Structure formats: C-alpha cells, structure tokens
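To be precise, the following lines are run23.cif, and they hold mmCIF, C-alpha atoms.
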data_my_file
#
loop_
_atom_site.label_atom_id
_atom_site.label_comp_id
_atom_site.auth_asym_id
_atom_site.auth_seq_id
_atom_site.Cartn_x
_atom_site.Cartn_y
_atom_site.Cartn_z
CA MET A 1 -46.38 29.15 6.06
CA ARG A 2 -47.86 26.42 8.25
CA THR A 3 -48.33 24.24 5.20
CA ALA A 4 -44.66 24.60 4.27
CA HIS A 5 -43.61 23.77 7.83
CA LEU A 6 -45.74 20.63 7.80
CA LEU A 7 -44.32 19.59 4.43
CA TRP A 8 -40.79 20.09 5.79
CA LEU A 9 -41.58 17.84 8.75
CA HIS A 10 -42.76 15.16 6.31
CA ALA A 11 -39.46 15.52 4.42
CA SER A 12 -37.44 15.19 7.62
CA ILE A 13 -39.32 12.08 8.70
CA ALA A 14 -38.95 10.49 5.27
CA TYR A 15 -35.22 11.19 5.30
CA ARG A 16 -34.71 9.67 8.72
CA ALA A 17 -36.69 6.63 7.61
CA ARG A 18 -34.40 6.43 4.55
CA HIS A 19 -37.28 6.98 2.14
CA ILE A 20 -35.07 9.26 0.09
CA SER A 21 -37.29 9.74 -2.95
CA ARG A 22 -40.17 10.73 -0.71
CA ALA A 23 -37.91 13.16 1.13
CA VAL A 24 -37.03 14.83 -2.18
CA ARG A 25 -40.69 15.18 -3.10
CA TRP A 26 -41.73 16.57 0.29
CA SER A 27 -38.83 19.04 0.25
CA GLY A 28 -39.76 20.22 -3.24
CA ARG A 29 -43.36 20.73 -2.20
CA ALA A 30 -42.25 22.69 0.87
CA LEU A 31 -40.09 25.02 -1.23
CA ARG A 32 -42.89 25.56 -3.72
CA ALA A 33 -45.26 26.39 -0.86
CA LEU A 34 -42.81 29.09 0.25
CA ASP A 35 -42.47 30.70 -3.19
CA ASP A 36 -45.39 33.06 -2.75
CA VAL A 37 -44.83 33.82 0.92
CA ALA A 38 -43.24 37.03 2.17
CA ASP A 39 -39.92 37.43 3.95
CA ALA A 40 -41.27 35.62 7.02
CA ALA A 41 -40.73 32.41 5.05
CA ALA A 42 -36.95 32.78 5.20
CA ALA A 43 -36.65 30.95 8.50
CA CYS A 44 -38.62 27.94 7.26
CA ARG A 45 -36.82 27.98 3.93
CA SER A 46 -33.41 27.66 5.62
CA HIS A 47 -34.54 24.46 7.37
CA VAL A 48 -36.00 23.00 4.17
CA VAL A 49 -32.83 23.73 2.18
CA ALA A 50 -30.64 22.21 4.90
CA THR A 51 -32.75 19.06 4.87
CA LEU A 52 -32.61 18.90 1.09
CA ALA A 53 -28.81 19.20 1.30
CA ALA A 54 -28.78 16.13 3.54
CA VAL A 55 -31.06 14.27 1.14
CA ARG A 56 -28.87 15.07 -1.87
CA GLN A 57 -25.77 14.01 0.04
CA ARG A 58 -27.42 10.71 0.93
CA GLN A 59 -28.17 10.25 -2.78
CA GLY A 60 -24.52 10.83 -3.66
CA HIS A 61 -25.12 14.22 -5.30
CA THR A 62 -22.25 15.75 -3.34
CA ALA A 63 -21.73 18.91 -5.39
CA GLU A 64 -25.39 19.84 -5.06
CA ALA A 65 -25.32 19.01 -1.34
CA ILE A 66 -22.40 21.40 -0.84
CA ARG A 67 -24.18 24.15 -2.77
CA LEU A 68 -27.41 23.69 -0.81
CA ALA A 69 -25.60 23.56 2.54
CA HIS A 70 -23.88 26.86 1.81
CA GLN A 71 -27.23 28.32 0.78
CA ALA A 72 -28.89 27.10 3.99
CA ILE A 73 -26.11 28.66 6.09
CA VAL A 74 -26.53 32.04 4.39
CA GLU A 75 -30.33 31.96 4.64
CA GLY A 76 -30.29 30.64 8.21
CA GLU A 77 -27.90 33.37 9.33
CA ALA A 78 -30.07 36.03 7.71
CA ALA A 79 -33.20 34.64 9.39
CA GLY A 80 -31.56 34.01 12.77
CA GLU A 81 -32.28 30.27 12.53
CA GLU A 82 -29.28 28.83 14.32
CA LEU A 83 -30.42 25.21 14.25
CA ALA A 84 -30.77 25.36 10.47
CA VAL A 85 -27.26 26.84 10.29
CA GLY A 86 -25.89 24.11 12.57
CA TYR A 87 -27.46 21.31 10.56
CA ALA A 88 -26.23 22.81 7.29
CA CYS A 89 -22.71 23.03 8.75
CA GLN A 90 -22.91 19.36 9.72
CA ILE A 91 -24.03 18.29 6.26
CA LEU A 92 -21.46 20.54 4.59
CA ASP A 93 -18.54 18.86 6.39
CA TRP A 94 -19.95 15.43 5.55
CA ALA A 95 -20.21 16.35 1.86
CA LEU A 96 -16.75 17.91 1.78
CA VAL A 97 -15.11 14.86 3.35
CA GLU A 98 -16.95 12.49 1.03
CA SER A 99 -15.85 14.52 -2.01
CA GLY A 100 -12.19 14.34 -1.02
CA ARG A 101 -12.03 17.91 0.28
CA ALA A 102 -11.44 17.10 3.95
CA ALA A 103 -9.03 20.02 4.30
CA GLU A 104 -12.00 22.37 3.76
CA ALA A 105 -14.22 20.63 6.32
CA GLY A 106 -14.06 22.99 9.27
CA TYR A 107 -17.72 23.60 10.03
CA SER A 108 -18.47 20.88 12.59
CA ALA A 109 -17.16 22.82 15.59
CA ARG A 110 -19.65 25.61 14.87
CA ALA A 111 -22.46 23.08 14.52
CA LEU A 112 -21.54 21.43 17.82
CA GLU A 113 -21.57 24.75 19.65
CA ILE A 114 -25.01 25.58 18.22
CA PHE A 115 -26.52 22.20 19.10
CA ARG A 116 -25.21 22.36 22.65
CA ARG A 117 -26.48 25.90 23.17
CA HIS A 118 -29.97 24.87 22.04
CA GLY A 119 -29.97 21.56 23.93
CA ALA A 120 -30.37 19.61 20.68
CA VAL A 121 -28.87 16.41 22.08
CA ASP A 122 -30.05 14.24 19.19
CA ARG A 123 -28.31 16.50 16.70
CA GLU A 124 -25.21 16.58 18.90
CA SER A 125 -24.99 12.79 18.95
CA GLY A 126 -25.19 12.49 15.16
CA LEU A 127 -22.62 15.22 14.67
CA LEU A 128 -20.15 13.64 17.12
CA ASN A 129 -20.54 10.32 15.33
CA ASN A 130 -19.72 11.99 12.02
CA MET A 131 -16.73 13.77 13.53
CA GLY A 132 -15.50 10.45 14.84
CA GLY A 133 -15.79 9.10 11.30
CA PHE A 134 -13.72 11.97 9.94
CA ALA A 135 -11.00 11.31 12.54
CA TYR A 136 -11.04 7.59 11.74
CA ARG A 137 -10.54 8.21 8.04
CA ALA A 138 -7.65 10.55 8.80
CA GLY A 139 -5.98 7.87 10.92
CA ARG A 140 -6.56 9.68 14.23
CA TRP A 141 -7.90 6.60 15.96
CA ASP A 142 -7.72 7.73 19.59
CA GLU A 143 -9.60 10.90 18.68
CA ALA A 144 -12.17 8.86 16.75
CA VAL A 145 -12.85 6.64 19.76
CA ALA A 146 -13.18 9.64 22.08
CA LEU A 147 -15.63 11.36 19.73
CA ASP A 148 -17.69 8.21 19.25
CA ARG A 149 -17.94 7.72 23.00
CA ARG A 150 -19.14 11.28 23.41
CA GLY A 151 -21.67 10.63 20.65
CA ALA A 152 -22.91 7.50 22.41
CA ASP A 153 -23.30 9.44 25.65
CA ALA A 154 -25.33 12.12 23.85
CA SER A 155 -27.51 9.44 22.25
CA MET A 156 -28.23 7.86 25.60
CA ARG A 157 -29.09 11.27 27.08
CA ALA A 158 -31.52 11.64 24.19
CA GLY A 159 -32.96 8.20 24.97
CA ASP A 160 -31.87 6.85 21.58
CA VAL A 161 -30.21 3.44 21.93
CA VAL A 162 -30.34 2.88 18.17
CA HIS A 163 -28.00 5.76 17.42
CA ALA A 164 -25.83 4.84 20.39
CA ALA A 165 -25.19 1.60 18.50
CA PHE A 166 -23.43 3.59 15.76
CA ALA A 167 -20.78 4.53 18.30
CA ASP A 168 -20.48 0.93 19.49
CA CYS A 169 -19.92 -0.26 15.93
CA ASN A 170 -17.41 2.44 15.03
CA ILE A 171 -15.44 2.00 18.26
CA GLY A 172 -15.51 -1.76 17.79
CA GLU A 173 -14.05 -1.36 14.33
CA VAL A 174 -11.21 0.82 15.61
CA LEU A 175 -10.42 -1.60 18.45
CA SER A 176 -10.45 -4.44 15.96
CA ASP A 177 -8.08 -2.53 13.68
CA GLN A 178 -5.78 -2.17 16.68
CA GLY A 179 -5.91 -5.91 17.37
CA ARG A 180 -7.89 -5.44 20.60
CA LEU A 181 -10.41 -8.10 19.64
CA GLU A 182 -11.67 -8.98 23.11
CA GLU A 183 -12.55 -5.34 23.76
CA ALA A 184 -14.19 -4.98 20.36
CA GLU A 185 -16.45 -8.02 20.51
CA PRO A 186 -19.00 -6.93 23.17
CA LEU A 187 -19.44 -3.56 21.48
CA LEU A 188 -20.00 -5.07 18.05
CA ARG A 189 -22.39 -7.71 19.35
CA ARG A 190 -24.40 -5.09 21.22
CA ALA A 191 -24.72 -2.97 18.07
CA LEU A 192 -25.68 -6.06 16.07
CA GLN A 193 -28.37 -7.02 18.58
CA ILE A 194 -29.89 -3.54 18.56
CA TRP A 195 -29.90 -3.23 14.78
CA ARG A 196 -31.40 -6.67 14.31
CA GLY A 197 -34.28 -5.49 16.44
CA THR A 198 -34.83 -2.45 14.21
CA ALA A 199 -34.55 -4.20 10.85
CA ALA A 200 -31.62 -1.99 9.81
CA GLU A 201 -30.40 -4.51 7.23
CA HIS A 202 -27.44 -2.53 5.90
CA HIS A 203 -26.07 -1.91 9.38
CA VAL A 204 -26.75 -5.49 10.44
CA ALA A 205 -24.70 -6.69 7.47
CA PHE A 206 -21.74 -4.49 8.32
CA ALA A 207 -21.80 -5.30 12.04
CA SER A 208 -22.01 -9.00 11.15
CA ALA A 209 -18.94 -8.64 8.94
CA LEU A 210 -17.04 -7.01 11.78
CA VAL A 211 -18.04 -9.77 14.20
CA GLY A 212 -16.89 -12.32 11.63
CA ARG A 213 -13.59 -10.49 11.40
CA LEU A 214 -12.94 -11.27 15.06
CA ALA A 215 -12.85 -14.96 14.24
CA GLU A 216 -10.57 -14.61 11.19
CA PRO A 217 -8.64 -11.35 11.65
CA THR A 218 -5.77 -12.50 9.42
CA PHE A 219 -7.96 -12.55 6.33
CA TRP A 220 -9.67 -9.22 6.89
CA VAL A 221 -9.48 -6.64 4.13
CA PRO A 222 -10.10 -3.14 5.55
CA VAL A 223 -13.05 -1.34 4.01
CA THR A 224 -12.71 1.95 5.90
CA PHE A 225 -16.45 2.11 6.38
CA VAL A 226 -17.95 4.84 8.49
CA ILE A 227 -21.62 5.07 9.34
CA PHE A 228 -22.83 8.62 8.99
CA THR A 229 -26.04 9.05 10.89
CA TRP A 230 -27.61 12.19 9.47
#

As structure tokens, how would this structure be written, given the file I've shared?
Amino acid sequence: MRTAHLLWLHASIAYRARHISRAVRWSGRALRALDDVADAAAACRSHVVATLAAVRQRQGHTAEAIRLAHQAIVEGEAAGEELAVGYACQILDWALVESGRAAEAGYSARALEIFRRHGAVDRESGLLNNMGGFAYRAGRWDEAVALDRRGADASMRAGDVVHAAFADCNIGEVLSDQGRLEEAEPLLRRALQIWRGTAAEHHVAFASALVGRLAEPTFWVPVTFVIFTW
C-alpha cells in the first residue's frame, strides 16, 4: 500500500513537470502494486486512476481520459476519497470540452465545492483557470475574466505565482480581443516575465505572440488558445 502511494506521488510529480511518458510508467506501476492488495487499496486506486486520466488527456487520448475519469469518480465515491472525486470531475470536464461535448461538461461545480471544503487552494486555482477557459471558448468573456481573476487569487493564496500567470495571460487575451490593449499589456508582460524565469517555453511563446499582437492588432488571427493547468 505504501509502495503504491509512493509510486502515485512519483506519477503526480512527473505529470506536473510535463514528463508525460514517465507519468504513464509511474501510474502503471502504482496500479500493478495495488493488484494484490485488499479492499483498503480502493482509496489509493481512485487517486492513481484520476491522475492517469489527466495524463491521458494531456496526451490527447480524450476517450480514454473520459473513461478513466468516470472510473475514478465511481471508485473515489465508494472509498470516500473526495479529493480524488474532485480531481476526476475536473479532468472529466476538460476532456469533454476538448472532445466537443461541452454540453455534457457539468462536473466542475462539484469539484470546486470539494476543493474549497478541503482547503485545496492549489486545486481550486487550476480548476477556476480551466472554467475560465471553458467560458472563453463559449464566448462568455466577462465570465471568463471573472473566473480567471478568482483563479489568480487562489494561486496567490497558495503562494504560486507561476500559476497566477495563467490567469494574467488568459485575461490579457480577452482584453486584447475586446480591443482594450492598454489594459492587456501589463498582464501579458507580467506573465511573460514569470514564465521566462521558469523556462516554460511553450507558454513563453504564446505570451510573446500575444504581446506582439498589441503592436499589430489589425493582422492578428485568433487562435482561441486556452492554457489548461492540470
């Protein structure tokens, strides 16, 4: 049981570091370690499956991510592991939106309630950022900005300026879309500065493109890009 828990932590760290192949391997090892354990393993298994759902979604295996997220919800509910349920709900909505099934994505509110009840501020910030992305894609720009600002506040309460930069970038993009370039610029430049300091090359590239857009807004082609954090 302890071995499986340790392997799951390795998977989670690898995923957050974007070492996706390693995250798959660690998750697989954790599940195998739980195969011969009694019912007490159900709680750990729900966390591992939820993490694997996130990994598969990051790989673009959306159908499998949806299946695994549903499985993690069922197993987490049975084991009383609310945080596993909340995370699986978060990943499930992400996968559903990405697969063009946004109308079915109604799990984030439950995840938010769980994270707040458990004081999981880091999870709350990532979820709010994702919810802001969903609103942006649906054209609900004011709602997107409000959600991103709440996500940034949660990130700062968690002491995580890197994830707060996701909100800056997303809000800056919305303001830029609205033609409010002077308001967008300081947010985008702040996100760019933070990400340059963390070697987040993909995010640096996108933030740089948005800053460049401020200089030549007439020639901008919208890409409807949303940074999902988890």

>> Give me, as a list of chain:residue names, all polymer residues having an atom no more than 9 Å from Trp195 in chain A, counting only C-alpha atoms and skipping those fewer than 5 positions away in the same chain.
In response: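 Answer for this query is A:Val162, A:Ala165, A:Arg190, A:Ala200, A:Glu201, A:His203, A:Val204, A:Ala207.
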
> For Leu147 in chain A, which residue among A:Ala50, A:Leu112, A:Leu128, A:Ala164 is the nearest when counting only C-alpha atoms?
Replying inline: A:Leu128

Pull the neighbourhood of (-17.9, 23.5, 9.1) for me: all residues within 7 Å in file coordinates, counting all atoms listed in the file, as an mmCIF file with C-alpha atoms, keeping the file's coordinate frame.
data_model
loop_
_atom_site.group_PDB
_atom_site.id
_atom_site.type_symbol
_atom_site.label_atom_id
_atom_site.label_comp_id
_atom_site.auth_asym_id
_atom_site.auth_seq_id
_atom_site.Cartn_x
_atom_site.Cartn_y
_atom_site.Cartn_z
ATOM 1 C CA CYS A 89 -22.710 23.030 8.750
ATOM 2 C CA GLN A 90 -22.910 19.360 9.720
ATOM 3 C CA LEU A 92 -21.460 20.540 4.590
ATOM 4 C CA ASP A 93 -18.540 18.860 6.390
ATOM 5 C CA ALA A 105 -14.220 20.630 6.320
ATOM 6 C CA GLY A 106 -14.060 22.990 9.270
ATOM 7 C CA TYR A 107 -17.720 23.600 10.030
ATOM 8 C CA SER A 108 -18.470 20.880 12.590
ATOM 9 C CA ALA A 109 -17.160 22.820 15.590
ATOM 10 C CA ARG A 110 -19.650 25.610 14.870
#

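Going from CA of Asp35 in chain A to CA of Leu9 in chain A covers 17.6 Å.
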
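Shortest atom-to-atom contact with Trp8 in chain A among A:Gly151, A:Gly159, A:Gly28, A:Gly86: A:Gly28, counting all atoms listed in the file.
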
> How would you write, as a PyMOL selection string, the residues chosen by the PyMOL selection byres ((chain A and resi 63-74) around 7) on this structure?
Replying inline: chain A and resi 46+49-50+53-54+56-57+61-62+75-78+84-85+88-89+91-92+95
